[in-house]
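**Q** Input file: query.cif. Contents: mmCIF, C-alpha atoms.
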data_query
loop_
_atom_site.label_atom_id
_atom_site.label_comp_id
_atom_site.auth_asym_id
_atom_site.auth_seq_id
_atom_site.Cartn_x
_atom_site.Cartn_y
_atom_site.Cartn_z
CA MET V 1 -8.80 -29.79 7.62
CA THR V 2 -6.81 -26.54 7.59
CA ARG V 3 -6.09 -26.98 3.87
CA LEU V 4 -9.79 -27.68 3.16
CA ARG V 5 -10.84 -24.52 5.02
CA ASN V 6 -8.30 -22.40 3.15
CA LEU V 7 -9.39 -23.90 -0.18
CA ALA V 8 -13.06 -23.28 0.58
CA GLY V 9 -12.37 -19.69 1.56
CA ILE V 10 -10.51 -19.06 -1.69
CA LEU V 11 -13.00 -20.81 -4.00
CA CYS V 12 -15.96 -18.92 -2.56
CA LEU V 13 -14.58 -15.76 -4.16
CA PHE V 14 -15.27 -17.17 -7.62
CA VAL V 15 -18.88 -18.28 -7.09
CA PRO V 16 -20.46 -15.02 -8.41
CA LEU V 17 -18.36 -15.22 -11.56
CA ALA V 18 -20.48 -17.81 -13.38
CA ALA V 19 -23.62 -15.74 -12.98
CA LEU V 20 -21.76 -12.57 -13.87
CA ALA V 21 -20.67 -13.96 -17.24
CA GLN V 22 -24.34 -14.42 -18.23
CA VAL V 23 -25.33 -10.77 -17.61
CA PRO V 24 -26.05 -8.90 -20.87
CA VAL V 25 -23.76 -5.98 -21.62
CA PRO V 26 -25.65 -2.73 -22.27
CA PRO V 27 -23.90 0.19 -23.98
CA ILE V 28 -22.26 2.61 -21.55
CA SER V 29 -22.24 5.87 -23.44
CA GLY V 30 -23.90 5.11 -26.75
CA ASP V 31 -20.74 5.20 -28.83
CA SER V 32 -18.10 2.67 -29.82
CA SER V 33 -16.02 3.34 -26.70
CA ALA V 34 -17.38 1.19 -23.89
CA ASP V 35 -14.51 1.84 -21.52
CA GLU V 36 -15.84 4.83 -19.56
CA PRO V 37 -19.25 5.83 -18.20
CA GLU V 38 -20.71 9.24 -18.86
CA ALA V 39 -18.86 11.84 -16.81
CA ASP V 40 -21.55 14.57 -16.73
CA ARG V 41 -24.01 12.77 -14.45
CA PRO V 42 -23.97 10.82 -11.18
CA TYR V 43 -23.65 7.05 -11.56
CA SER V 44 -23.48 3.87 -9.53
CA SER V 45 -21.24 0.95 -10.38
CA LEU V 46 -20.42 -2.50 -9.05
CA ARG V 47 -17.34 -4.39 -10.11
CA TYR V 48 -16.21 -7.94 -9.43
CA ASP V 49 -12.53 -8.49 -10.16
CA SER V 50 -10.90 -11.90 -9.89
CA THR V 51 -7.20 -11.96 -10.62
CA SER V 52 -4.00 -13.50 -9.38
CA GLY V 53 -0.83 -11.66 -8.58
CA THR V 54 -1.08 -8.91 -11.19
CA GLY V 55 -3.31 -6.27 -9.58
CA PHE V 56 -6.06 -4.40 -11.36
CA VAL V 57 -6.87 -1.01 -12.79
CA THR V 58 -9.43 0.84 -10.70
CA SER V 59 -12.55 1.94 -12.57
CA SER V 60 -16.16 2.85 -11.95
CA TYR V 61 -18.15 0.29 -13.86
CA LEU V 62 -18.88 -3.42 -13.60
CA SER V 63 -16.01 -5.57 -14.82
CA SER V 64 -14.47 -8.94 -14.02
CA ARG V 65 -11.10 -10.58 -14.41
CA ILE V 66 -10.28 -14.25 -13.99
CA GLY V 67 -6.86 -15.83 -14.05
CA ALA V 68 -4.31 -18.08 -12.42
CA SER V 69 -0.74 -17.59 -11.26
CA TYR V 70 1.86 -20.10 -10.14
CA LEU V 71 4.64 -19.05 -7.78
CA TYR V 72 7.87 -20.71 -6.65
CA ASP V 73 9.35 -19.51 -3.34
CA SER V 74 12.97 -20.43 -2.57
CA TYR V 75 12.55 -19.74 1.16
CA ILE V 76 10.28 -22.73 1.69
CA GLY V 77 11.37 -24.61 -1.45
CA ASP V 78 7.80 -25.06 -2.66
CA SER V 79 5.46 -23.78 -5.36
CA ALA V 80 1.96 -22.41 -4.89
CA PHE V 81 -1.19 -21.63 -6.85
CA MET V 82 -2.34 -18.07 -6.05
CA PRO V 83 -5.86 -16.92 -6.95
CA THR V 84 -7.35 -13.63 -5.75
CA GLY V 85 -10.66 -11.85 -6.18
CA THR V 86 -11.87 -8.28 -5.73
CA LEU V 87 -15.36 -6.84 -5.38
CA THR V 88 -15.74 -3.08 -5.73
CA LEU V 89 -18.75 -0.77 -5.39
CA VAL V 90 -18.37 2.83 -6.56
CA LYS V 91 -21.17 5.40 -6.42
CA ARG V 92 -20.60 8.98 -7.47
CA GLY V 93 -23.03 11.83 -6.87
CA ARG V 94 -23.05 15.56 -7.28
CA ARG V 95 -22.06 16.15 -3.66
CA ASN V 96 -20.57 12.85 -2.45
CA ASP V 97 -18.67 9.78 -3.68
CA THR V 98 -18.80 6.32 -2.06
CA GLU V 99 -16.26 3.55 -2.59
CA ILE V 100 -16.30 0.07 -1.04
CA ASP V 101 -13.53 -2.35 -1.97
CA TYR V 102 -13.08 -5.97 -0.85
CA THR V 103 -10.14 -8.19 -1.82
CA GLY V 104 -9.58 -11.78 -0.78
CA GLY V 105 -7.51 -14.72 -1.87
CA GLY V 106 -4.59 -16.83 -0.81
CA SER V 107 -2.17 -19.56 -1.77
CA ILE V 108 -2.37 -23.35 -2.13
CA HIS V 109 1.05 -25.03 -1.92
CA SER V 110 2.04 -28.19 -3.73
CA VAL V 111 3.91 -29.86 -0.83
CA GLU V 112 4.02 -27.75 2.34
CA SER V 113 0.33 -27.47 3.26
CA ALA V 114 1.33 -25.67 6.48
CA TYR V 115 2.08 -22.60 4.34
CA ASP V 116 -1.39 -22.52 2.74
CA SER V 117 -2.88 -19.12 3.50
CA GLN V 118 -5.65 -16.61 2.98
CA PHE V 119 -5.73 -12.82 3.03
CA GLN V 120 -8.66 -10.43 3.45
CA ARG V 121 -8.93 -6.70 2.90
CA LEU V 122 -11.91 -4.33 3.18
CA ALA V 123 -11.72 -0.61 2.43
CA LEU V 124 -14.51 1.98 2.66
CA SER V 125 -14.45 5.64 1.71
CA GLU V 126 -17.04 8.43 1.67
CA THR V 127 -16.07 11.80 0.19
CA PHE V 128 -18.19 14.93 0.42
CA HIS V 129 -17.26 17.84 -1.83
CA GLY V 130 -18.36 21.31 -2.87
CA ALA V 131 -17.07 24.05 -5.12
CA SER V 132 -14.17 24.92 -2.78
CA TRP V 133 -13.99 22.15 -0.16
CA ARG V 134 -13.71 18.40 0.26
CA MET V 135 -13.96 16.02 3.24
CA THR V 136 -13.10 12.31 3.25
CA LEU V 137 -14.01 9.58 5.75
CA ALA V 138 -12.22 6.28 5.13
CA ASP V 139 -11.39 3.00 6.84
CA GLN V 140 -9.33 0.01 5.76
CA PHE V 141 -8.95 -3.41 7.39
CA GLU V 142 -6.41 -6.09 6.43
CA TYR V 143 -5.77 -9.66 7.56
CA LEU V 144 -2.48 -10.89 6.11
CA PRO V 145 -0.82 -14.31 6.42
CA GLU V 146 2.65 -12.80 6.84
CA SER V 147 4.12 -9.56 8.19
CA GLY V 148 5.19 -7.42 5.28
CA TYR V 149 2.90 -9.39 2.94
CA GLY V 150 1.57 -6.27 1.25
CA ASN V 151 5.01 -4.74 0.76
CA SER V 152 6.58 -6.79 -2.02
CA ALA V 153 6.66 -9.92 0.13
CA PHE V 154 5.33 -13.31 -1.00
CA GLY V 155 4.35 -11.95 -4.39
CA GLY V 156 2.43 -9.11 -2.81
CA ILE V 157 -1.30 -8.43 -3.16
CA PRO V 158 -3.08 -6.30 -5.77
CA PRO V 159 -3.04 -2.55 -5.12
CA GLN V 160 -6.09 -1.47 -3.17
CA LEU V 161 -8.60 1.14 -4.24
CA ILE V 162 -8.06 3.20 -1.10
CA ALA V 163 -4.36 3.40 -0.14
CA ILE V 164 -4.57 4.01 3.61
CA LEU V 165 -2.40 1.55 5.50
CA GLN V 166 0.66 1.93 3.30
CA SER V 167 0.77 5.66 4.08
CA LEU V 168 0.25 5.02 7.81
CA PHE V 169 3.03 2.44 8.12
CA PRO V 170 5.65 3.27 5.48
CA ASP V 171 8.31 1.43 7.51
CA GLN V 172 6.16 -1.66 8.07
CA SER V 173 8.59 -3.89 6.23
CA PHE V 174 10.00 -6.41 8.72
CA ILE V 175 9.40 -9.87 7.26
CA GLN V 176 8.69 -12.89 9.46
CA PRO V 177 7.15 -15.81 7.54
CA GLY V 178 4.29 -17.58 9.26
CA THR V 179 3.33 -14.56 11.37
CA GLN V 180 -0.25 -13.37 10.86
CA GLU V 181 -0.88 -9.64 10.76
CA ILE V 182 -4.06 -7.65 11.45
CA MET V 183 -4.15 -3.96 10.53
CA ASN V 184 -6.83 -1.27 10.55
CA GLY V 185 -6.65 2.43 9.72
CA ALA V 186 -9.37 5.09 9.92
CA ILE V 187 -8.97 8.57 8.45
CA VAL V 188 -10.89 11.85 8.56
CA ASN V 189 -9.46 14.48 6.22
CA ALA V 190 -10.71 17.91 5.08
CA GLU V 191 -9.47 20.47 2.54
CA LYS V 192 -10.67 24.03 1.94
CA LEU V 193 -9.72 26.43 -0.86
CA ILE V 194 -9.33 29.92 0.62
CA SER V 195 -8.38 31.69 -2.62
CA ARG V 196 -7.11 30.75 -6.06
CA LYS V 197 -3.61 30.20 -4.65
CA LEU V 198 -4.14 29.34 -0.99
CA SER V 199 -5.72 26.27 0.63
CA VAL V 200 -5.82 24.75 4.12
CA HIS V 201 -6.12 21.11 5.16
CA GLY V 202 -6.35 19.01 8.32
CA GLY V 203 -7.12 15.50 9.44
CA PHE V 204 -7.13 12.80 12.10
CA VAL V 205 -5.96 9.18 11.87
CA HIS V 206 -6.46 6.19 14.16
CA SER V 207 -4.47 3.06 13.35
CA LEU V 208 -4.11 -0.41 14.84
CA MET V 209 -1.62 -3.19 14.13
CA GLN V 210 -1.54 -6.60 15.85
CA TYR V 211 0.34 -9.90 15.36
CA PRO V 212 -1.64 -12.81 16.87
CA GLU V 213 0.41 -15.62 18.41
CA SER V 214 3.80 -14.06 17.68
CA GLY V 215 6.54 -12.10 19.41
CA LEU V 216 6.29 -9.05 17.15
CA VAL V 217 5.31 -5.67 18.59
CA GLY V 218 1.74 -4.50 18.09
CA LEU V 219 0.67 -0.87 18.31
CA GLN V 220 -2.20 1.60 18.43
CA SER V 221 -1.65 5.12 17.13
CA TYR V 222 -3.49 8.46 17.12
CA GLN V 223 -2.38 11.22 14.76
CA GLY V 224 -3.61 14.73 14.02
CA SER V 225 -2.30 17.08 11.35
CA GLY V 226 -2.97 20.43 9.73
CA GLY V 227 -1.36 22.86 7.33
CA LEU V 228 -1.68 25.18 4.38
CA THR V 229 -0.53 25.14 0.76
CA ARG V 230 0.37 28.23 -1.26
CA GLN V 231 0.89 28.34 -5.00
CA ILE V 232 3.92 30.40 -6.04
CA GLY V 233 4.47 31.31 -9.64
CA ARG V 234 2.59 29.52 -12.41
CA ARG V 235 3.31 25.91 -11.38
CA ASP V 236 5.29 25.78 -8.10
CA SER V 237 3.76 25.38 -4.66
CA ILE V 238 4.96 25.43 -1.06
CA ALA V 239 3.27 23.82 1.96
CA VAL V 240 3.69 24.04 5.74
CA ASP V 241 2.39 21.13 7.83
CA TYR V 242 2.28 20.21 11.51
CA THR V 243 1.74 16.61 12.66
CA GLY V 244 1.33 15.39 16.23
CA SER V 245 1.00 11.71 17.14
CA LEU V 246 0.77 9.31 20.09
CA THR V 247 1.72 5.66 19.61
CA ASP V 248 1.14 3.00 22.27
CA PHE V 249 3.16 -0.21 21.81
CA SER V 250 2.41 -3.59 23.33
CA GLY V 251 4.65 -3.84 26.39
CA SER V 252 3.69 -0.43 27.88
CA TYR V 253 6.08 1.60 25.72
CA SER V 254 4.74 4.81 24.15
CA MET V 255 6.05 7.37 21.69
CA VAL V 256 4.96 11.01 21.33
CA SER V 257 5.99 12.88 18.19
CA ASN V 258 5.66 16.50 17.09
CA LYS V 259 6.74 17.31 13.56
CA LEU V 260 6.89 20.44 11.39
CA ALA V 261 7.55 20.12 7.66
CA LEU V 262 8.14 22.57 4.82
CA THR V 263 7.45 21.08 1.37
CA TYR V 264 8.29 22.50 -2.06
CA THR V 265 6.78 21.06 -5.25
CA HIS V 266 7.90 21.88 -8.79
CA PRO V 267 6.20 20.27 -11.82
CA PHE V 268 8.26 20.40 -15.01
CA ARG V 269 6.89 20.98 -18.47
CA ASN V 270 7.84 17.49 -19.65
CA ARG V 271 5.46 15.67 -17.24
CA ALA V 272 8.09 15.39 -14.52
CA LYS V 273 7.72 16.53 -10.90
CA LEU V 274 10.16 17.26 -8.08
CA GLU V 275 9.13 17.39 -4.41
CA LEU V 276 11.40 18.32 -1.50
CA SER V 277 10.47 18.34 2.19
CA VAL V 278 12.42 19.11 5.37
CA GLY V 279 11.63 19.88 9.00
CA PRO V 280 12.33 19.09 12.67
CA GLU V 281 10.71 16.25 14.59
CA ALA V 282 10.75 16.00 18.39
CA VAL V 283 10.23 12.47 19.74
CA LEU V 284 9.55 11.50 23.37
CA LEU V 285 9.87 7.80 24.37
CA ARG V 286 8.35 6.59 27.62
CA SER V 287 8.81 3.24 29.36
CA PRO V 288 7.73 2.09 32.86
CA GLY V 289 10.58 2.12 35.36
CA GLN V 290 12.98 4.00 33.05
CA SER V 291 13.75 7.63 32.36
CA ASP V 292 12.10 9.32 29.42
CA VAL V 293 14.18 9.60 26.28
CA ASN V 294 14.02 12.72 24.10
CA ARG V 295 15.27 12.65 20.52
CA MET V 296 15.39 15.49 17.99
CA LEU V 297 15.50 14.46 14.34
CA VAL V 298 15.77 16.43 11.13
CA ASP V 299 13.28 14.74 8.84
CA GLY V 300 13.59 15.05 5.12
CA SER V 301 12.33 13.55 1.90
CA ALA V 302 12.89 14.00 -1.81
CA SER V 303 11.04 12.46 -4.73
CA PHE V 304 11.24 12.76 -8.50
CA SER V 305 8.79 11.30 -11.00
CA TRP V 306 8.83 11.31 -14.79
CA GLN V 307 6.21 10.23 -17.31
CA THR V 308 6.18 9.93 -21.09
CA ARG V 309 4.01 7.94 -23.47
CA ARG V 310 6.22 4.87 -23.01
CA ILE V 311 8.09 5.44 -19.73
CA ASP V 312 6.89 5.91 -16.15
CA ALA V 313 9.67 6.26 -13.54
CA SER V 314 10.04 7.46 -9.93
CA LEU V 315 12.78 7.79 -7.32
CA SER V 316 12.37 8.76 -3.66
CA TYR V 317 14.28 9.06 -0.37
CA ALA V 318 12.90 9.62 3.14
CA HIS V 319 14.27 9.99 6.67
CA ASN V 320 11.83 10.05 9.58
CA ALA V 321 10.76 8.49 12.87
CA GLY V 322 8.55 5.44 12.47
CA SER V 323 6.78 2.69 14.37
CA GLY V 324 9.57 0.14 13.96
CA GLY V 325 7.93 -2.25 11.55
CA GLY V 326 6.64 -4.68 14.19
CA LEU V 327 10.12 -5.43 15.53
CA LEU V 328 11.07 -2.22 17.37
CA GLN V 329 9.23 0.16 19.68
CA GLY V 330 9.94 3.37 17.81
CA ALA V 331 12.60 3.68 15.13
CA GLU V 332 14.64 6.04 12.97
CA VAL V 333 14.08 5.08 9.34
CA HIS V 334 16.07 5.75 6.17
CA SER V 335 14.42 4.48 3.00
CA VAL V 336 15.10 4.63 -0.74
CA THR V 337 12.68 3.35 -3.39
CA ALA V 338 12.75 3.37 -7.18
CA SER V 339 10.49 2.03 -9.89
CA ALA V 340 10.25 2.22 -13.68
CA SER V 341 8.14 0.76 -16.44
CA ARG V 342 8.52 0.95 -20.20
CA ARG V 343 6.35 -0.16 -23.07
CA LEU V 344 8.20 -2.43 -25.48
CA LEU V 345 6.76 -2.50 -28.97
CA ARG V 346 2.95 -2.47 -28.77
CA VAL V 347 2.06 -5.41 -26.55
CA TRP V 348 4.95 -5.83 -24.08
CA THR V 349 5.61 -3.85 -20.87
CA LEU V 350 8.78 -4.17 -18.77
CA GLY V 351 8.70 -3.14 -15.11
CA LEU V 352 11.48 -2.70 -12.53
CA GLN V 353 11.32 -1.91 -8.82
CA ASP V 354 13.74 -1.86 -5.90
CA GLY V 355 13.99 -0.47 -2.41
CA PHE V 356 16.17 -0.32 0.69
CA ARG V 357 15.34 0.46 4.33
CA ASP V 358 17.61 0.99 7.30
CA VAL V 359 15.60 0.88 10.55
CA ASN V 360 17.29 1.63 13.91
CA GLN V 361 15.79 1.62 17.38
CA LEU V 362 15.19 5.12 18.73
CA SER V 363 15.63 4.14 22.38
CA SER V 364 19.31 3.20 22.00
CA LEU V 365 20.23 5.71 24.71
CA LEU V 366 18.64 3.38 27.27
CA SER V 367 21.23 0.67 26.61
CA THR V 368 25.01 0.44 26.55
CA GLY V 369 25.33 -1.95 23.62
CA THR V 370 24.50 -1.81 19.96
CA ALA V 371 20.91 -0.78 19.29
CA LEU V 372 18.64 -3.41 17.82
CA SER V 373 18.03 -2.69 14.15
CA TYR V 374 17.29 -4.28 10.84
CA ARG V 375 17.85 -3.60 7.17
CA ASN V 376 15.99 -4.99 4.25
CA ALA V 377 16.17 -4.65 0.49
CA TYR V 378 14.02 -5.89 -2.33
CA ALA V 379 14.21 -5.87 -6.11
CA GLY V 380 11.87 -7.10 -8.77
CA VAL V 381 11.39 -7.29 -12.51
CA SER V 382 8.17 -8.01 -14.39
CA LEU V 383 7.29 -8.63 -18.01
CA GLN V 384 3.72 -8.34 -19.24
CA ARG V 385 2.23 -9.10 -22.63
CA ASN V 386 -1.26 -8.21 -23.83
CA ILE V 387 -2.93 -10.97 -25.81
CA GLY V 388 -5.73 -9.27 -27.67
CA ARG V 389 -7.90 -6.85 -25.74
CA THR V 390 -8.95 -9.18 -22.94
CA MET V 391 -6.04 -11.42 -21.95
CA THR V 392 -2.69 -10.69 -20.31
CA PHE V 393 0.31 -12.94 -19.71
CA ASN V 394 2.81 -11.90 -17.01
CA VAL V 395 6.08 -13.15 -15.55
CA ASN V 396 7.57 -11.74 -12.30
CA TYR V 397 10.78 -12.21 -10.34
CA ASN V 398 11.25 -10.85 -6.80
CA PHE V 399 14.27 -10.90 -4.50
CA GLN V 400 14.27 -10.01 -0.79
CA TYR V 401 17.08 -9.67 1.72
CA GLN V 402 16.84 -8.83 5.42
CA LEU V 403 19.48 -8.53 8.16
CA GLU V 404 18.42 -8.28 11.81
CA ASN V 405 20.91 -7.13 14.49
CA GLN V 406 20.24 -7.66 18.19
CA LEU V 407 22.07 -6.60 21.36
CA ALA V 408 25.28 -8.62 21.74
CA LEU V 409 24.00 -11.24 19.26
CA PRO V 410 25.08 -12.03 15.71
CA GLY V 411 22.90 -10.81 12.86
CA THR V 412 20.14 -13.00 11.45
CA GLU V 413 19.83 -13.06 7.67
CA PHE V 414 16.77 -13.71 5.53
CA ARG V 415 16.86 -14.32 1.77
CA ARG V 416 14.06 -15.08 -0.63
CA ASN V 417 13.76 -15.56 -4.38
CA GLN V 418 10.37 -15.78 -6.05
CA VAL V 419 9.32 -16.52 -9.62
CA MET V 420 5.69 -16.12 -10.63
CA ALA V 421 3.88 -16.58 -13.96
CA GLY V 422 0.21 -16.31 -14.79
CA PHE V 423 -2.61 -15.41 -17.13
CA THR V 424 -5.52 -13.04 -16.59
CA TYR V 425 -8.70 -12.68 -18.61
CA ASN V 426 -10.85 -9.54 -18.55
CA LEU V 427 -14.56 -9.69 -19.32
CA ARG V 428 -16.22 -6.75 -21.03
CA PRO V 429 -17.18 -3.87 -18.65
CA ILE V 430 -20.84 -3.61 -17.66
CA SER V 431 -22.60 -0.38 -16.70
CA LEU V 432 -25.36 -0.62 -14.11
CA GLU V 433 -27.04 2.61 -15.15
#
So, in terms of structure tokens, how does the structure I just supplied come out?

**A**
Amino acid sequence: MTRLRNLAGILCLFVPLAALAQVPVPPISGDSSADEPEADRPYSSLRYDSTSGTGFVTSSYLSSRIGASYLYDSYIGDSAFMPTGTLTLVKRGRRNDTEIDYTGGGSIHSVESAYDSQFQRLALSETFHGASWRMTLADQFEYLPESGYGNSAFGGIPPQLIAILQSLFPDQSFIQPGTQEIMNGAIVNAEKLISRKLSVHGGFVHSLMQYPESGLVGLQSYQGSGGLTRQIGRRDSIAVDYTGSLTDFSGSYSMVSNKLALTYTHPFRNRAKLELSVGPEAVLLRSPGQSDVNRMLVDGSASFSWQTRRIDASLSYAHNAGSGGGLLQGAEVHSVTASASRRLLRVWTLGLQDGFRDVNQLSSLLSTGTALSYRNAYAGVSLQRNIGRTMTFNVNYNFQYQLENQLALPGTEFRRNQVMAGFTYNLRPISLE
């Protein structure tokens, strides 16, 4: 019965597709290019996107993509069929923009039906803007079949239209197969241009993370921030930001953080950009029946990106205090990520990605042994080939490694190899105007 419910939930995503294929395709802008709507007037668009494992390119017109991917996972020794579907509504006006994005899908395994799964994601965003100001209200909800599912685990899920949760939980990377994860993030953000070279910004974030029927640590967080950005010279800019947050963990732990950051950004002439950030962060950890723990960290980050007609590459490093990824109640995080893609000939694209995280418990001063911590690393390679203008063939390989260390206990290792191949088919875009 569980497999039938999962199958029904996945297949219902494809019901609108048959009717969609029969809709006539009107011209978008009156010329031979039917890829973009007119940019000089407000427009409304609805898009249904059905894909599997390869993501999609966000746009503001009606389009659809159907496909199928097959994945082999060495951790469970089984293969799975992975369909996904996305429905997007975008409406742009002269003073406000609205975006609603829903993604759902799952996996159907060949042998181990216990690993059959579904995932759901809903993101909403409303942006108001004027000549010198902008304000955004956004919310994103996710139900995932596995902790870390959206972070390179289990083939990952397509990139969402509104990237909220990944910025809220950058260290949310602890992987525990079979553990369901529920996440929600709400954001209010405002920006104001004071002069040609000076702007101010501020915002508030409320986030929630829960793991039903598991031993992982849930949390609820409140965060406020504000700062200003000043352009120096013709291209460089410098920003000063303050961020204060309160995080309540399940188990009565809480963490209070106050952070000040100075950020320098330098774009190069050859479409490259360097960004450096540094600043102090004061962290207060509270636990019932124990003394408060104060920690002072020196946070820092550095990122470099480079783009050409054929190459897109990025490299980044960050050190900061984080939530602990569902395993710890407050953590000190070191992370390194890198990615690159290159067009080969005219129809092939090669992609590479890798990352490493070292996550250590912040409250180690409360114990006399080794602090609980974990490390994980991932690497992946993808090869994509365009077949005509509407079809794409893709092959992906992902590797994951995780080492968990507990007090006075030996480390627990986790290894996973994944191979995925699939086809996608894109129907012609349809304008609703």

**Q** For a cut-off of 7 Å around (9.3, -17.2, -9.3), file coordinates, pick out all residues using only C-alpha atoms and list them as a count of residues only.

**A** 9

**Q** Would you write out, as a list in words, every residue that the PyMOL selection byres ((chain V and resi 224) around 12) captures in this file?

**A**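 Selected by the PyMOL selection byres ((chain V and resi 224) around 12) here: Ala186, Ile187, Val188, Asn189, Ala190, His201, Gly202, Gly203, Phe204, Val205, His206, Ser207, Ser221, Tyr222, Gln223, Ser225, Gly226, Gly227, Asp241, Tyr242, Thr243, Gly244, Ser245, Leu246, Thr247, Val256, Ser257, Asn258 and Lys259 of chain V.
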
**Q** Using the chain letters and numbers from this file, what does the PyMOL selection byres ((chain V and resi 285) around 7) select? Give the answer as a list in words.

**A**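 Going through the file, the PyMOL selection byres ((chain V and resi 285) around 7) ends up selecting Ser254, Met255, Val256, Val283, Leu284, Arg286, Ser287, Asp292, Val293 and Asn294 of chain V.
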
**Q** Taking the file as shown, what set of residues would the PyMOL selection byres ((chain V and resi 390) around 6) give back, as a PyMOL selection string?

**A** chain V and resi 388-389+391+425-426

**Q** Between CA of Gly279 in chain V and CA of Leu297 in chain V, what distance in Å does the model show, to one decimal?

**A**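 Straight-line distance from CA of Gly279 in chain V to CA of Leu297 in chain V works out to 8.5 Å.
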
**Q** What would the file be for range 285-313 of chain V if you keep C-alpha atoms and write it as an mmCIF file, in the first residue's frame?

**A**
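Output below, filename decode39.cif:
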data_model
loop_
_atom_site.group_PDB
_atom_site.id
_atom_site.type_symbol
_atom_site.label_atom_id
_atom_site.label_comp_id
_atom_site.auth_asym_id
_atom_site.auth_seq_id
_atom_site.Cartn_x
_atom_site.Cartn_y
_atom_site.Cartn_z
ATOM 1 C CA LEU V 285 25.011 28.720 24.334
ATOM 2 C CA ARG V 286 22.421 28.024 27.003
ATOM 3 C CA SER V 287 21.329 24.684 28.455
ATOM 4 C CA PRO V 288 19.097 23.899 31.479
ATOM 5 C CA GLY V 289 21.087 22.910 34.555
ATOM 6 C CA GLN V 290 24.455 23.915 33.059
ATOM 7 C CA SER V 291 26.505 27.080 32.938
ATOM 8 C CA ASP V 292 26.276 29.293 29.891
ATOM 9 C CA VAL V 293 29.057 28.918 27.347
ATOM 10 C CA ASN V 294 30.462 31.950 25.519
ATOM 11 C CA ARG V 295 32.468 31.536 22.332
ATOM 12 C CA MET V 296 34.128 34.213 20.209
ATOM 13 C CA LEU V 297 34.803 33.281 16.584
ATOM 14 C CA VAL V 298 36.482 35.112 13.747
ATOM 15 C CA ASP V 299 34.235 34.407 10.786
ATOM 16 C CA GLY V 300 35.548 34.662 7.290
ATOM 17 C CA SER V 301 34.714 33.748 3.729
ATOM 18 C CA ALA V 302 36.295 34.053 0.304
ATOM 19 C CA SER V 303 34.839 33.289 -3.098
ATOM 20 C CA PHE V 304 36.060 33.575 -6.671
ATOM 21 C CA SER V 305 33.974 33.086 -9.804
ATOM 22 C CA TRP V 306 34.960 33.158 -13.460
ATOM 23 C CA GLN V 307 32.846 33.074 -16.608
ATOM 24 C CA THR V 308 33.661 32.880 -20.305
ATOM 25 C CA ARG V 309 31.634 31.792 -23.313
ATOM 26 C CA ARG V 310 32.550 28.147 -22.676
ATOM 27 C CA ILE V 311 33.622 27.979 -19.019
ATOM 28 C CA ASP V 312 31.782 28.760 -15.770
ATOM 29 C CA ALA V 313 33.779 28.098 -12.575
#
